[in-house]
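The file run_32.cif comes next; it holds mmCIF, C-alpha atoms.
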data_query
#
loop_
_atom_site.label_atom_id
_atom_site.label_comp_id
_atom_site.auth_asym_id
_atom_site.auth_seq_id
_atom_site.Cartn_x
_atom_site.Cartn_y
_atom_site.Cartn_z
CA MET A 47 0.00 0.00 0.00
CA SER A 48 1.40 3.41 -0.96
CA GLN A 49 1.71 6.25 1.51
CA ASN A 50 -1.21 8.09 -0.10
CA GLU A 51 -3.41 4.97 -0.06
CA ARG A 52 -2.63 4.41 3.61
CA ALA A 53 -3.38 8.06 4.42
CA LEU A 54 -6.77 7.89 2.69
CA GLN A 55 -7.64 4.59 4.35
CA LEU A 56 -6.84 6.00 7.78
CA THR A 57 -8.83 9.15 7.00
CA THR A 58 -11.84 7.00 6.11
CA GLU A 59 -11.46 5.09 9.39
CA LEU A 60 -11.25 8.39 11.27
CA ILE A 61 -14.36 9.75 9.55
CA ASP A 62 -16.22 6.56 10.54
CA PHE A 63 -14.98 6.91 14.13
CA ILE A 64 -16.14 10.54 14.32
CA ALA A 65 -19.54 9.67 12.85
CA ASP A 66 -19.99 6.96 15.49
CA SER A 67 -18.80 9.19 18.36
CA PRO A 68 -21.03 12.28 18.64
CA VAL A 69 -20.11 13.01 22.29
CA SER A 70 -17.45 11.98 24.80
CA TYR A 71 -19.48 9.05 26.18
CA TRP A 72 -19.48 7.43 22.76
CA VAL A 73 -15.78 8.11 22.19
CA VAL A 74 -14.97 6.22 25.38
CA SER A 75 -17.52 3.49 24.72
CA HIS A 76 -15.97 2.70 21.32
CA LEU A 77 -12.41 2.74 22.68
CA ALA A 78 -13.38 0.50 25.59
CA LYS A 79 -15.04 -2.06 23.31
CA ARG A 80 -11.94 -2.21 21.11
CA LEU A 81 -9.69 -2.65 24.15
CA GLU A 82 -11.90 -5.48 25.43
CA ALA A 83 -11.68 -7.17 22.02
CA ASP A 84 -7.89 -6.91 22.18
CA GLY A 85 -7.75 -8.61 25.58
CA TYR A 86 -7.49 -5.60 27.88
CA ARG A 87 -9.02 -6.14 31.29
CA ARG A 88 -11.30 -3.47 32.71
CA LEU A 89 -10.51 -2.53 36.30
CA ASP A 90 -11.57 -0.35 39.16
CA LEU A 91 -8.54 1.19 40.83
CA GLN A 92 -10.15 0.85 44.25
CA HIS A 93 -10.12 -2.93 43.75
CA ALA A 94 -7.13 -3.13 41.44
CA ASP A 95 -5.33 -6.44 41.22
CA LEU A 96 -2.59 -5.47 38.77
CA GLU A 97 0.02 -7.97 37.65
CA ARG A 98 3.21 -7.61 35.67
CA GLY A 99 2.62 -8.52 32.03
CA GLY A 100 -1.06 -7.52 32.17
CA ASN A 101 -3.03 -5.22 29.87
CA TYR A 102 -5.59 -2.98 31.57
CA TYR A 103 -7.94 -0.08 31.11
CA LEU A 104 -10.36 1.92 33.24
CA THR A 105 -12.96 4.60 32.66
CA ARG A 106 -14.33 7.37 34.80
CA ASN A 107 -17.74 8.96 34.36
CA GLY A 108 -18.09 7.00 31.13
CA SER A 109 -16.32 9.89 29.38
CA SER A 110 -12.61 9.51 30.26
CA LEU A 111 -10.40 6.49 29.70
CA LEU A 112 -6.91 5.30 30.64
CA ALA A 113 -5.23 2.19 29.22
CA PHE A 114 -1.79 0.72 29.88
CA ARG A 115 0.39 -2.35 29.49
CA LEU A 116 2.64 -3.55 32.31
CA PRO A 117 6.05 -4.98 31.31
CA LYS A 118 7.27 -7.98 33.27
CA GLN A 119 10.52 -6.26 34.20
CA GLN A 120 10.73 -3.07 36.24
CA PRO A 121 10.28 -0.17 33.79
CA ASN A 122 12.51 2.84 33.26
CA GLY A 123 9.57 5.21 33.24
CA LEU A 124 6.16 6.01 31.80
CA MET A 125 5.33 7.06 28.23
CA VAL A 126 1.95 8.81 28.42
CA CYS A 127 0.01 10.12 25.42
CA ALA A 128 -3.04 12.20 26.38
CA ALA A 129 -5.87 13.58 24.22
CA HIS A 130 -9.42 14.67 25.00
CA SER A 131 -12.82 13.23 24.18
CA ASP A 132 -15.01 16.35 24.23
CA SER A 133 -15.79 19.05 21.67
CA PRO A 134 -17.86 22.27 21.79
CA LEU A 135 -21.58 21.45 21.73
CA PHE A 136 -24.97 22.63 22.97
CA LYS A 137 -26.26 20.90 26.12
CA LEU A 138 -29.98 20.42 26.76
CA LYS A 139 -31.25 21.95 29.97
CA THR A 140 -33.26 19.81 32.37
CA HIS A 141 -36.53 21.40 31.25
CA TYR A 142 -35.90 21.82 27.56
CA ALA A 143 -39.31 22.19 25.89
CA VAL A 144 -39.87 25.74 24.66
CA LYS A 145 -43.16 26.69 23.04
CA ALA A 146 -42.63 29.25 20.26
CA CYS A 147 -45.28 31.22 18.42
CA ASP A 148 -47.88 28.65 19.54
CA ARG A 149 -46.67 26.57 16.58
CA TYR A 150 -43.20 25.22 17.28
CA LEU A 151 -41.30 23.15 19.84
CA LYS A 152 -37.76 24.38 20.43
CA LEU A 153 -35.01 22.97 22.65
CA ASP A 154 -33.67 25.10 25.48
CA THR A 155 -29.89 24.69 25.50
CA GLU A 156 -26.73 26.17 26.96
CA VAL A 157 -23.30 26.38 25.37
CA TYR A 158 -20.65 23.77 26.22
CA GLY A 159 -17.16 25.01 25.34
CA GLY A 160 -16.17 27.79 22.97
CA GLY A 161 -17.91 26.97 19.73
CA ILE A 162 -18.38 29.09 16.60
CA TYR A 163 -22.12 29.70 16.80
CA SER A 164 -22.67 30.60 13.15
CA SER A 165 -21.29 27.25 11.96
CA TRP A 166 -24.18 25.40 13.62
CA PHE A 167 -26.96 27.00 11.65
CA ASP A 168 -28.98 25.26 8.93
CA ARG A 169 -27.37 21.82 9.43
CA PRO A 170 -28.95 18.46 10.29
CA LEU A 171 -28.60 17.97 14.05
CA SER A 172 -29.56 15.31 16.54
CA ILE A 173 -29.30 14.36 20.22
CA ALA A 174 -26.76 12.15 22.02
CA GLY A 175 -25.34 11.71 25.49
CA ARG A 176 -26.26 9.46 28.37
CA VAL A 177 -29.30 8.67 30.49
CA ILE A 178 -29.67 7.27 33.98
CA VAL A 179 -32.19 4.43 33.95
CA ARG A 180 -33.92 2.88 36.95
CA GLU A 181 -33.75 -0.91 36.94
CA ASN A 182 -35.55 -2.31 40.00
CA ASP A 183 -33.58 -0.80 42.90
CA THR A 184 -30.55 0.27 40.85
CA LEU A 185 -29.62 3.25 38.70
CA LYS A 186 -27.80 2.38 35.49
CA THR A 187 -25.88 4.67 33.12
CA VAL A 188 -26.63 4.08 29.44
CA PRO A 189 -25.15 5.99 26.48
CA VAL A 190 -27.79 7.14 24.02
CA LYS A 191 -27.58 8.35 20.44
CA LEU A 192 -30.54 9.33 18.30
CA ASP A 193 -29.17 8.48 14.88
CA GLU A 194 -31.52 10.54 12.74
CA ASP A 195 -31.87 14.09 11.46
CA LEU A 196 -33.93 15.42 14.35
CA CYS A 197 -33.59 19.19 14.56
CA VAL A 198 -32.06 22.31 13.01
CA ILE A 199 -31.01 25.77 14.17
CA PRO A 200 -32.56 28.01 11.51
CA ASN A 201 -30.99 31.28 10.42
CA THR A 202 -33.12 34.35 10.03
CA CYS A 203 -33.34 35.42 6.41
CA ILE A 204 -31.20 38.32 5.31
CA HIS A 205 -34.33 40.40 4.72
CA PHE A 206 -35.02 40.31 8.47
CA ASN A 207 -31.40 40.75 9.54
CA ARG A 208 -29.49 42.99 7.17
CA GLU A 209 -26.49 42.92 9.53
CA ILE A 210 -26.02 39.14 9.30
CA ASN A 211 -22.94 39.61 7.09
CA SER A 212 -21.63 42.63 8.99
CA GLY A 213 -20.48 41.15 12.25
CA TYR A 214 -23.79 40.14 13.83
CA LYS A 215 -23.48 39.08 17.49
CA TYR A 216 -25.39 35.88 18.18
CA ASN A 217 -27.25 35.53 21.47
CA PRO A 218 -27.32 31.89 22.69
CA VAL A 219 -30.51 32.59 24.64
CA VAL A 220 -32.33 33.50 21.43
CA ASP A 221 -30.48 32.64 18.23
CA THR A 222 -29.11 29.13 18.74
CA LEU A 223 -32.15 27.22 20.02
CA PRO A 224 -32.86 24.17 17.79
CA LEU A 225 -36.26 23.62 16.22
CA LEU A 226 -37.45 20.10 17.07
CA SER A 227 -41.05 19.85 15.84
CA GLY A 228 -44.40 21.48 15.54
CA TRP A 229 -45.84 22.32 18.93
CA THR A 230 -46.96 19.46 21.15
CA ASP A 231 -47.26 19.13 24.89
CA GLN A 232 -46.38 15.43 24.67
CA PRO A 233 -42.93 14.24 25.85
CA ILE A 234 -41.89 13.24 22.33
CA LEU A 235 -38.14 13.51 22.87
CA GLU A 236 -38.22 11.49 26.11
CA GLN A 237 -40.13 8.78 24.29
CA ARG A 238 -37.58 8.71 21.46
CA ILE A 239 -34.78 8.41 24.00
CA ALA A 240 -36.54 5.67 25.95
CA ASP A 241 -37.13 3.73 22.74
CA ALA A 242 -33.47 4.14 21.77
CA VAL A 243 -32.28 2.52 25.03
CA SER A 244 -35.15 0.00 25.13
CA VAL A 245 -36.74 1.04 28.42
CA PRO A 246 -40.14 2.46 29.37
CA LYS A 247 -40.20 6.25 29.44
CA GLU A 248 -40.97 6.11 33.16
CA ALA A 249 -37.61 4.42 33.80
CA LEU A 250 -35.68 7.53 32.70
CA VAL A 251 -34.40 9.31 35.81
CA SER A 252 -31.95 11.94 34.54
CA SER A 253 -29.71 12.69 31.60
CA ASP A 254 -26.76 14.55 30.09
CA LEU A 255 -27.88 15.24 26.52
CA TYR A 256 -26.24 17.30 23.79
CA VAL A 257 -27.10 18.57 20.34
CA TYR A 258 -24.58 17.26 17.83
CA ASN A 259 -23.83 17.78 14.14
CA ARG A 260 -24.86 14.74 12.10
CA MET A 261 -23.13 15.74 8.86
CA ARG A 262 -20.73 13.02 7.82
CA GLY A 263 -17.11 13.81 7.13
CA THR A 264 -15.85 13.94 3.56
CA VAL A 265 -12.55 13.98 1.69
CA PHE A 266 -12.20 16.88 -0.73
CA GLY A 267 -9.77 18.62 -3.09
CA THR A 268 -8.70 17.58 -6.58
CA ASP A 269 -5.74 15.82 -4.95
CA LYS A 270 -7.82 14.50 -2.00
CA ALA A 271 -5.47 16.42 0.27
CA PHE A 272 -8.08 17.53 2.81
CA PHE A 273 -11.05 16.26 4.75
CA ALA A 274 -13.82 18.00 6.63
CA ALA A 275 -15.82 16.61 9.54
CA PRO A 276 -17.32 17.51 12.90
CA ARG A 277 -15.20 17.14 16.05
CA ILE A 278 -11.79 16.80 14.37
CA ASP A 279 -10.56 18.63 17.47
CA ASP A 280 -9.73 16.41 19.29
CA GLN A 281 -10.99 13.09 17.95
CA GLN A 282 -8.26 13.07 15.30
CA CYS A 283 -5.60 12.97 18.03
CA ALA A 284 -7.56 10.53 20.22
CA PHE A 285 -8.03 8.17 17.26
CA ALA A 286 -4.36 8.34 16.20
CA ALA A 287 -3.02 7.91 19.74
CA PHE A 288 -5.31 4.94 20.32
CA LYS A 289 -4.27 3.15 17.13
CA ALA A 290 -0.61 3.78 17.94
CA PHE A 291 -1.09 2.47 21.47
CA LEU A 292 -2.53 -0.82 20.21
CA GLU A 293 0.00 -1.25 17.40
CA SER A 294 3.20 -0.14 19.15
CA GLU A 295 6.09 -2.45 19.99
CA GLU A 296 7.05 -3.09 23.59
CA SER A 297 9.81 -1.15 25.32
CA SER A 298 11.29 -0.98 28.80
CA SER A 299 8.76 1.73 29.75
CA VAL A 300 5.06 1.55 30.57
CA PRO A 301 2.89 2.77 27.64
CA VAL A 302 -0.14 4.74 28.85
CA LEU A 303 -3.05 6.13 26.82
CA ALA A 304 -5.15 8.85 28.47
CA VAL A 305 -8.31 10.30 26.93
CA PHE A 306 -9.79 12.97 29.22
CA ASP A 307 -13.17 14.66 29.15
CA ASN A 308 -13.90 18.35 29.75
CA GLU A 309 -10.78 19.88 28.21
CA GLU A 310 -13.02 22.35 26.40
CA VAL A 311 -14.29 23.74 29.72
CA GLY A 312 -11.04 23.82 31.69
CA SER A 313 -10.46 20.18 32.78
CA SER A 314 -11.38 20.91 36.43
CA THR A 315 -13.77 17.99 36.89
CA LYS A 316 -13.51 14.55 38.47
CA GLN A 317 -12.91 13.09 34.99
CA GLY A 318 -10.75 15.91 33.63
CA ALA A 319 -6.99 16.29 33.37
CA ALA A 320 -7.03 18.35 36.58
CA SER A 321 -8.44 15.42 38.57
CA ASP A 322 -6.60 12.70 40.48
CA LEU A 323 -7.34 10.14 37.76
CA LEU A 324 -3.94 10.11 36.07
CA ARG A 325 -1.85 10.34 39.23
CA ASP A 326 -3.81 7.61 41.03
CA THR A 327 -3.46 5.33 38.03
CA LEU A 328 0.27 5.91 37.70
CA ASP A 329 0.66 5.39 41.46
CA ALA A 330 -1.02 2.01 41.13
CA ILE A 331 1.33 1.12 38.28
CA ALA A 332 4.39 2.05 40.35
CA ASN A 333 3.13 -0.07 43.25
CA VAL A 334 3.18 -3.16 41.02
CA TYR A 335 6.98 -2.81 40.89
CA ASP A 336 7.36 -1.83 44.57
CA VAL A 337 8.75 1.59 43.68
CA SER A 338 7.49 5.12 44.22
CA LEU A 339 5.92 7.02 41.36
CA SER A 340 8.43 9.82 41.89
CA SER A 341 11.26 7.41 41.05
CA LEU A 342 9.74 6.73 37.62
CA LEU A 343 8.93 10.31 36.63
CA PRO A 344 12.44 11.57 35.69
CA ALA A 345 12.56 8.97 32.87
CA SER A 346 8.96 9.63 31.80
CA LEU A 347 7.45 11.78 29.05
CA MET A 348 3.94 12.95 28.29
CA LEU A 349 2.56 13.91 24.88
CA SER A 350 -0.38 16.28 25.19
CA ALA A 351 -2.02 15.70 21.81
CA ASP A 352 -4.46 18.41 20.77
CA ASN A 353 -4.74 20.01 17.36
CA ALA A 354 -3.05 23.25 16.26
CA HIS A 355 -4.09 26.16 14.05
CA ALA A 356 -2.95 25.84 10.45
CA MET A 357 -2.07 28.98 8.54
CA HIS A 358 -5.37 30.14 7.06
CA PRO A 359 -5.39 30.46 3.26
CA ASN A 360 -7.55 33.62 3.44
CA HIS A 361 -5.95 35.12 6.54
CA PRO A 362 -2.24 34.29 6.71
CA GLU A 363 -1.71 37.55 8.61
CA LEU A 364 -3.31 35.97 11.70
CA SER A 365 -0.41 33.53 12.08
CA ASP A 366 3.11 34.09 13.29
CA ALA A 367 5.02 34.23 10.02
CA LEU A 368 7.87 32.00 11.20
CA ASN A 369 5.91 29.55 13.38
CA ALA A 370 2.79 28.67 11.39
CA PRO A 371 2.16 25.03 10.43
CA HIS A 372 0.19 23.87 7.42
CA MET A 373 -2.04 20.88 6.81
CA ASN A 374 -0.28 17.73 5.59
CA GLY A 375 3.02 19.08 6.90
CA GLY A 376 3.40 16.62 9.76
CA VAL A 377 3.10 16.67 13.53
CA VAL A 378 3.06 20.11 15.16
CA VAL A 379 5.02 21.00 18.32
CA LYS A 380 3.30 23.87 20.15
CA HIS A 381 5.16 26.57 22.11
CA ASN A 382 4.09 29.37 24.44
CA ALA A 383 6.27 31.53 26.69
CA ASN A 384 3.53 31.76 29.34
CA GLN A 385 3.16 27.97 29.51
CA ARG A 386 -0.26 27.76 27.93
CA TYR A 387 1.51 24.89 26.23
CA THR A 388 3.80 22.71 28.32
CA THR A 389 6.60 22.28 25.78
CA ASP A 390 10.11 23.22 26.93
CA ALA A 391 13.56 22.61 25.46
CA VAL A 392 13.98 19.18 27.11
CA SER A 393 10.60 17.76 26.11
CA GLU A 394 10.88 19.23 22.63
CA ALA A 395 14.32 17.69 22.09
CA LEU A 396 13.15 14.26 23.20
CA PHE A 397 10.11 14.37 20.93
CA LEU A 398 12.08 15.66 17.95
CA GLU A 399 14.52 12.80 18.35
CA ILE A 400 11.67 10.28 18.45
CA CYS A 401 10.14 11.74 15.27
CA ALA A 402 13.50 11.81 13.50
CA ARG A 403 13.98 8.11 14.20
CA ALA A 404 10.50 7.42 12.80
CA ASN A 405 11.00 9.67 9.74
CA VAL A 406 7.97 11.76 10.75
CA PRO A 407 8.01 15.41 9.63
CA VAL A 408 7.65 18.00 12.40
CA GLN A 409 6.35 21.58 12.32
CA HIS A 410 6.24 24.28 15.01
CA TYR A 411 3.44 26.53 16.20
CA ALA A 412 3.44 29.69 18.28
CA ASN A 413 0.69 32.27 18.56
CA ARG A 414 1.17 35.67 17.01
CA SER A 415 2.36 37.62 20.05
CA ASP A 416 -0.60 40.03 20.04
CA LEU A 417 -3.20 37.26 19.61
CA PRO A 418 -3.37 35.03 22.69
CA GLY A 419 -4.47 31.49 21.85
CA GLY A 420 -6.10 28.66 23.75
CA SER A 421 -4.60 26.18 26.15
CA THR A 422 -4.51 22.39 26.42
CA LEU A 423 -4.60 19.72 29.09
CA GLY A 424 -0.78 19.34 29.00
CA SER A 425 0.16 21.99 31.56
CA ILE A 426 -2.76 20.99 33.79
CA ALA A 427 -1.90 17.27 33.82
CA SER A 428 1.87 17.72 34.13
CA ALA A 429 1.39 20.05 37.11
CA ARG A 430 -0.31 17.17 38.94
CA VAL A 431 2.13 14.52 37.75
CA SER A 432 5.52 16.22 37.44
CA MET A 433 7.06 14.76 34.32
CA ASN A 434 8.50 16.22 31.15
CA ALA A 435 5.69 17.02 28.72
CA VAL A 436 5.36 18.36 25.20
CA ASP A 437 2.26 19.79 23.52
CA ILE A 438 1.72 18.43 20.04
CA GLY A 439 -1.10 18.16 17.52
CA LEU A 440 -2.03 18.28 13.86
CA ALA A 441 -2.68 21.41 11.82
CA GLN A 442 -6.32 22.15 11.07
CA LEU A 443 -8.63 24.97 10.00
CA ALA A 444 -11.86 26.22 11.60
CA MET A 445 -11.10 24.87 15.07
CA HIS A 446 -14.28 24.78 17.20
CA SER A 447 -16.51 25.03 14.15
CA ALA A 448 -19.34 22.55 13.79
CA TYR A 449 -17.49 21.31 10.68
CA GLU A 450 -13.69 21.53 10.67
CA THR A 451 -10.97 20.88 8.07
CA ALA A 452 -7.66 18.98 8.28
CA GLY A 453 -5.12 17.20 6.08
CA THR A 454 -5.51 13.61 4.93
CA SER A 455 -1.80 12.81 5.38
CA ASP A 456 -1.47 13.98 8.97
CA THR A 457 -3.30 11.24 10.87
CA ALA A 458 -0.78 8.71 9.56
CA PHE A 459 2.08 10.99 10.62
CA LEU A 460 0.73 11.20 14.17
CA ILE A 461 0.16 7.45 14.38
CA ASP A 462 3.74 6.81 13.32
CA ALA A 463 5.09 9.38 15.78
CA CYS A 464 3.06 7.93 18.67
CA LYS A 465 4.07 4.36 17.79
CA ALA A 466 7.73 5.41 17.92
CA PHE A 467 7.02 7.26 21.19
CA TYR A 468 5.47 4.20 22.84
CA ALA A 469 8.32 1.99 21.61
CA SER A 470 10.91 4.32 23.17
CA SER A 471 12.41 4.47 26.63
CA ILE A 472 14.29 7.27 28.35
CA GLN A 473 17.38 7.16 30.52
CA CYS A 474 18.49 10.25 32.41
CA ASP A 475 20.97 11.16 35.12
CA THR A 476 21.18 13.85 37.76
CA ASP A 477 23.19 16.11 35.46
CA GLY A 478 20.26 16.41 33.04
CA VAL A 479 21.70 14.14 30.40
CA TYR A 480 19.02 12.16 28.51
CA ARG A 481 19.29 9.17 26.24
CA LEU A 482 16.56 7.53 24.18
CA ILE A 483 16.66 3.74 23.96
#

Let me see the file written as structure tokens.
Amino acid sequence: MSQNERALQLTTELIDFIADSPVSYWVVSHLAKRLEADGYRRLDLQHADLERGGNYYLTRNGSSLLAFRLPKQQPNGLMVCAAHSDSPLFKLKTHYAVKACDRYLKLDTEVYGGGIYSSWFDRPLSIAGRVIVRENDTLKTVPVKLDEDLCVIPNTCIHFNREINSGYKYNPVVDTLPLLSGWTDQPILEQRIADAVSVPKEALVSSDLYVYNRMRGTVFGTDKAFFAAPRIDDQQCAFAAFKAFLESEESSSVPVLAVFDNEEVGSSTKQGAASDLLRDTLDAIANVYDVSLSSLLPASLMLSADNAHAMHPNHPELSDALNAPHMNGGVVVKHNANQRYTTDAVSEALFLEICARANVPVQHYANRSDLPGGSTLGSIASARVSMNAVDIGLAQLAMHSAYETAGTSDTAFLIDACKAFYASSIQCDTDGVYRLI
């Protein structure tokens, strides 16, 4: 298979993964099923019975996941690749039914994350998330996905809003409420949800439900160089890191995959990168070898994998002229003087060496100095588990749009970089001398 054929095949797999994973609960559900099929044992850290040579995974809240393999010999350190499962969406409020004009049923929502409101208009949308179901005397969590074109957020026509193309400011209380149906006082959405999870409507206790974009991803360009899809940020990185984790060769370090929820809202949740999830898991791993976690951290490295801004073809002036990546140019290393990204000289050098050995092209990203950018989970997670960490990603356009654009070659580049990362081990001494093995 040629490099281009492999890139297009992986892009098709990624588009399928995104289509099947409308919200974080479904991202984690699909990853967990694949891990189970590959012989990974699900565990609860409070009752962990870890053994050398074992393959394990755990989830928290149904929306974050950690997986790891334990070598039989005492490891040098930990090789952690972290991505996130969430994307900007609209969340349904508890009482969602809004009667409009005595004719319509709208959904009352609030914004999750920093989305581009205008990109959500006039697209086929639906509902996904999770419900809590009462079964006898128990409460059970069930992911739910209504796989049909169910609602739309309609624009006002230009005749009613002459400023729509002149910088109109959308109000999420008014402008972004989805139209579900003609008016009815019947619980039609609850019934659809109950039918989807095969329970009586009366068994539904509570829910976390989101409006998601149902448009399927597509490859485009005369050279098939690009693809567009919902939720590329950050499912492209989660997908690539996961495939690399499963396919990587063993090393003398512990390979760890971490997919956290709630990065888009700051990570400060029980299932986010700011929680105790990663540290507790790594502590349990260290205990298997009767060593302290702190003794493993100097020879450990974390990749914080979250996409980067490509130079925009219509607005190149918004990028730093010397530090602007482009789509299909390879893995991006992200830098920020104020530590919005966790990359420093040590972590950058280690990652560059890994990519050089794998023949993976590398690009660099820094914000234009007068345009502050976003942040990632890297600095948050590495502050709680003190190891070297580098922020990386893939170049894309329209980040946080309902439909984003990226390069068809880049997923393969990230998979190859992460496979080389997981197959590597680090040695270091007290003088700050590092060696990759």

Evaluate the PyMOL selection byres ((chain A and resi 351) around 12) against this structure - the residues, as a PDB file with C-alpha atoms, in the frame of the given file, please.
ATOM      1  CA  VAL A 126       1.950   8.810  28.420  1.00  0.00           C
ATOM      2  CA  CYS A 127       0.010  10.120  25.420  1.00  0.00           C
ATOM      3  CA  ALA A 128      -3.040  12.200  26.380  1.00  0.00           C
ATOM      4  CA  ALA A 129      -5.870  13.580  24.220  1.00  0.00           C
ATOM      5  CA  HIS A 130      -9.420  14.670  25.000  1.00  0.00           C
ATOM      6  CA  SER A 131     -12.820  13.230  24.180  1.00  0.00           C
ATOM      7  CA  ASP A 279     -10.560  18.630  17.470  1.00  0.00           C
ATOM      8  CA  ASP A 280      -9.730  16.410  19.290  1.00  0.00           C
ATOM      9  CA  GLN A 281     -10.990  13.090  17.950  1.00  0.00           C
ATOM     10  CA  GLN A 282      -8.260  13.070  15.300  1.00  0.00           C
ATOM     11  CA  CYS A 283      -5.600  12.970  18.030  1.00  0.00           C
ATOM     12  CA  ALA A 284      -7.560  10.530  20.220  1.00  0.00           C
ATOM     13  CA  PHE A 285      -8.030   8.170  17.260  1.00  0.00           C
ATOM     14  CA  ALA A 286      -4.360   8.340  16.200  1.00  0.00           C
ATOM     15  CA  ALA A 287      -3.020   7.910  19.740  1.00  0.00           C
ATOM     16  CA  PHE A 288      -5.310   4.940  20.320  1.00  0.00           C
ATOM     17  CA  LEU A 303      -3.050   6.130  26.820  1.00  0.00           C
ATOM     18  CA  ALA A 304      -5.150   8.850  28.470  1.00  0.00           C
ATOM     19  CA  VAL A 305      -8.310  10.300  26.930  1.00  0.00           C
ATOM     20  CA  PHE A 306      -9.790  12.970  29.220  1.00  0.00           C
ATOM     21  CA  GLU A 309     -10.780  19.880  28.210  1.00  0.00           C
ATOM     22  CA  MET A 348       3.940  12.950  28.290  1.00  0.00           C
ATOM     23  CA  LEU A 349       2.560  13.910  24.880  1.00  0.00           C
ATOM     24  CA  SER A 350      -0.380  16.280  25.190  1.00  0.00           C
ATOM     25  CA  ASP A 352      -4.460  18.410  20.770  1.00  0.00           C
ATOM     26  CA  ASN A 353      -4.740  20.010  17.360  1.00  0.00           C
ATOM     27  CA  ALA A 354      -3.050  23.250  16.260  1.00  0.00           C
ATOM     28  CA  VAL A 377       3.100  16.670  13.530  1.00  0.00           C
ATOM     29  CA  VAL A 378       3.060  20.110  15.160  1.00  0.00           C
ATOM     30  CA  VAL A 379       5.020  21.000  18.320  1.00  0.00           C
ATOM     31  CA  LYS A 380       3.300  23.870  20.150  1.00  0.00           C
ATOM     32  CA  TYR A 387       1.510  24.890  26.230  1.00  0.00           C
ATOM     33  CA  THR A 388       3.800  22.710  28.320  1.00  0.00           C
ATOM     34  CA  THR A 389       6.600  22.280  25.780  1.00  0.00           C
ATOM     35  CA  SER A 421      -4.600  26.180  26.150  1.00  0.00           C
ATOM     36  CA  THR A 422      -4.510  22.390  26.420  1.00  0.00           C
ATOM     37  CA  LEU A 423      -4.600  19.720  29.090  1.00  0.00           C
ATOM     38  CA  GLY A 424      -0.780  19.340  29.000  1.00  0.00           C
ATOM     39  CA  SER A 425       0.160  21.990  31.560  1.00  0.00           C
ATOM     40  CA  ALA A 435       5.690  17.020  28.720  1.00  0.00           C
ATOM     41  CA  VAL A 436       5.360  18.360  25.200  1.00  0.00           C
ATOM     42  CA  ASP A 437       2.260  19.790  23.520  1.00  0.00           C
ATOM     43  CA  ILE A 438       1.720  18.430  20.040  1.00  0.00           C
ATOM     44  CA  GLY A 439      -1.100  18.160  17.520  1.00  0.00           C
ATOM     45  CA  LEU A 440      -2.030  18.280  13.860  1.00  0.00           C
ATOM     46  CA  ALA A 441      -2.680  21.410  11.820  1.00  0.00           C
ATOM     47  CA  THR A 457      -3.300  11.240  10.870  1.00  0.00           C
ATOM     48  CA  LEU A 460       0.730  11.200  14.170  1.00  0.00           C
ATOM     49  CA  ILE A 461       0.160   7.450  14.380  1.00  0.00           C
ATOM     50  CA  ALA A 463       5.090   9.380  15.780  1.00  0.00           C
ATOM     51  CA  CYS A 464       3.060   7.930  18.670  1.00  0.00           C
TER      52      CYS A 464
END

Using the chain letters and residue numbers of this document, give as a ChimeraX atom specification the residues selected by the PyMOL selection byres ((chain A and resi 347) around 12). /A:122-128,299-302,342-346,348-350,388-390,392-397,400,424,427-428,431-437,464,467-468,470-474,480,482

Could those selected residues go to a file with C-alpha atoms, as a compact mmCIF listing (two decimals), in the coordinates of the input?
# COMPACT_ATOMS: atom_id res chain seq x y z
CA ASN A 122 12.51 2.84 33.26
CA GLY A 123 9.57 5.21 33.24
CA LEU A 124 6.16 6.01 31.80
CA MET A 125 5.33 7.06 28.23
CA VAL A 126 1.95 8.81 28.42
CA CYS A 127 0.01 10.12 25.42
CA ALA A 128 -3.04 12.20 26.38
CA SER A 299 8.76 1.73 29.75
CA VAL A 300 5.06 1.55 30.57
CA PRO A 301 2.89 2.77 27.64
CA VAL A 302 -0.14 4.74 28.85
CA LEU A 342 9.74 6.73 37.62
CA LEU A 343 8.93 10.31 36.63
CA PRO A 344 12.44 11.57 35.69
CA ALA A 345 12.56 8.97 32.87
CA SER A 346 8.96 9.63 31.80
CA MET A 348 3.94 12.95 28.29
CA LEU A 349 2.56 13.91 24.88
CA SER A 350 -0.38 16.28 25.19
CA THR A 388 3.80 22.71 28.32
CA THR A 389 6.60 22.28 25.78
CA ASP A 390 10.11 23.22 26.93
CA VAL A 392 13.98 19.18 27.11
CA SER A 393 10.60 17.76 26.11
CA GLU A 394 10.88 19.23 22.63
CA ALA A 395 14.32 17.69 22.09
CA LEU A 396 13.15 14.26 23.20
CA PHE A 397 10.11 14.37 20.93
CA ILE A 400 11.67 10.28 18.45
CA GLY A 424 -0.78 19.34 29.00
CA ALA A 427 -1.90 17.27 33.82
CA SER A 428 1.87 17.72 34.13
CA VAL A 431 2.13 14.52 37.75
CA SER A 432 5.52 16.22 37.44
CA MET A 433 7.06 14.76 34.32
CA ASN A 434 8.50 16.22 31.15
CA ALA A 435 5.69 17.02 28.72
CA VAL A 436 5.36 18.36 25.20
CA ASP A 437 2.26 19.79 23.52
CA CYS A 464 3.06 7.93 18.67
CA PHE A 467 7.02 7.26 21.19
CA TYR A 468 5.47 4.20 22.84
CA SER A 470 10.91 4.32 23.17
CA SER A 471 12.41 4.47 26.63
CA ILE A 472 14.29 7.27 28.35
CA GLN A 473 17.38 7.16 30.52
CA CYS A 474 18.49 10.25 32.41
CA TYR A 480 19.02 12.16 28.51
CA LEU A 482 16.56 7.53 24.18

Region 270-368 of chain A residues near region 446-455 of chain A within 7 Å, closest pair each, using all atoms listed in the file, as CSV:
residue,atom,partner,partner_atom,distance
A:Ala271,CA,A:Thr454,CA,5.4
A:Phe272,CA,A:Gly453,CA,4.4
A:Phe273,CA,A:Ala452,CA,5.6
A:Ala274,CA,A:Thr451,CA,4.3
A:Ala275,CA,A:Tyr449,CA,5.1
A:Pro276,CA,A:Tyr449,CA,4.4
A:Ile278,CA,A:Glu450,CA,6.3
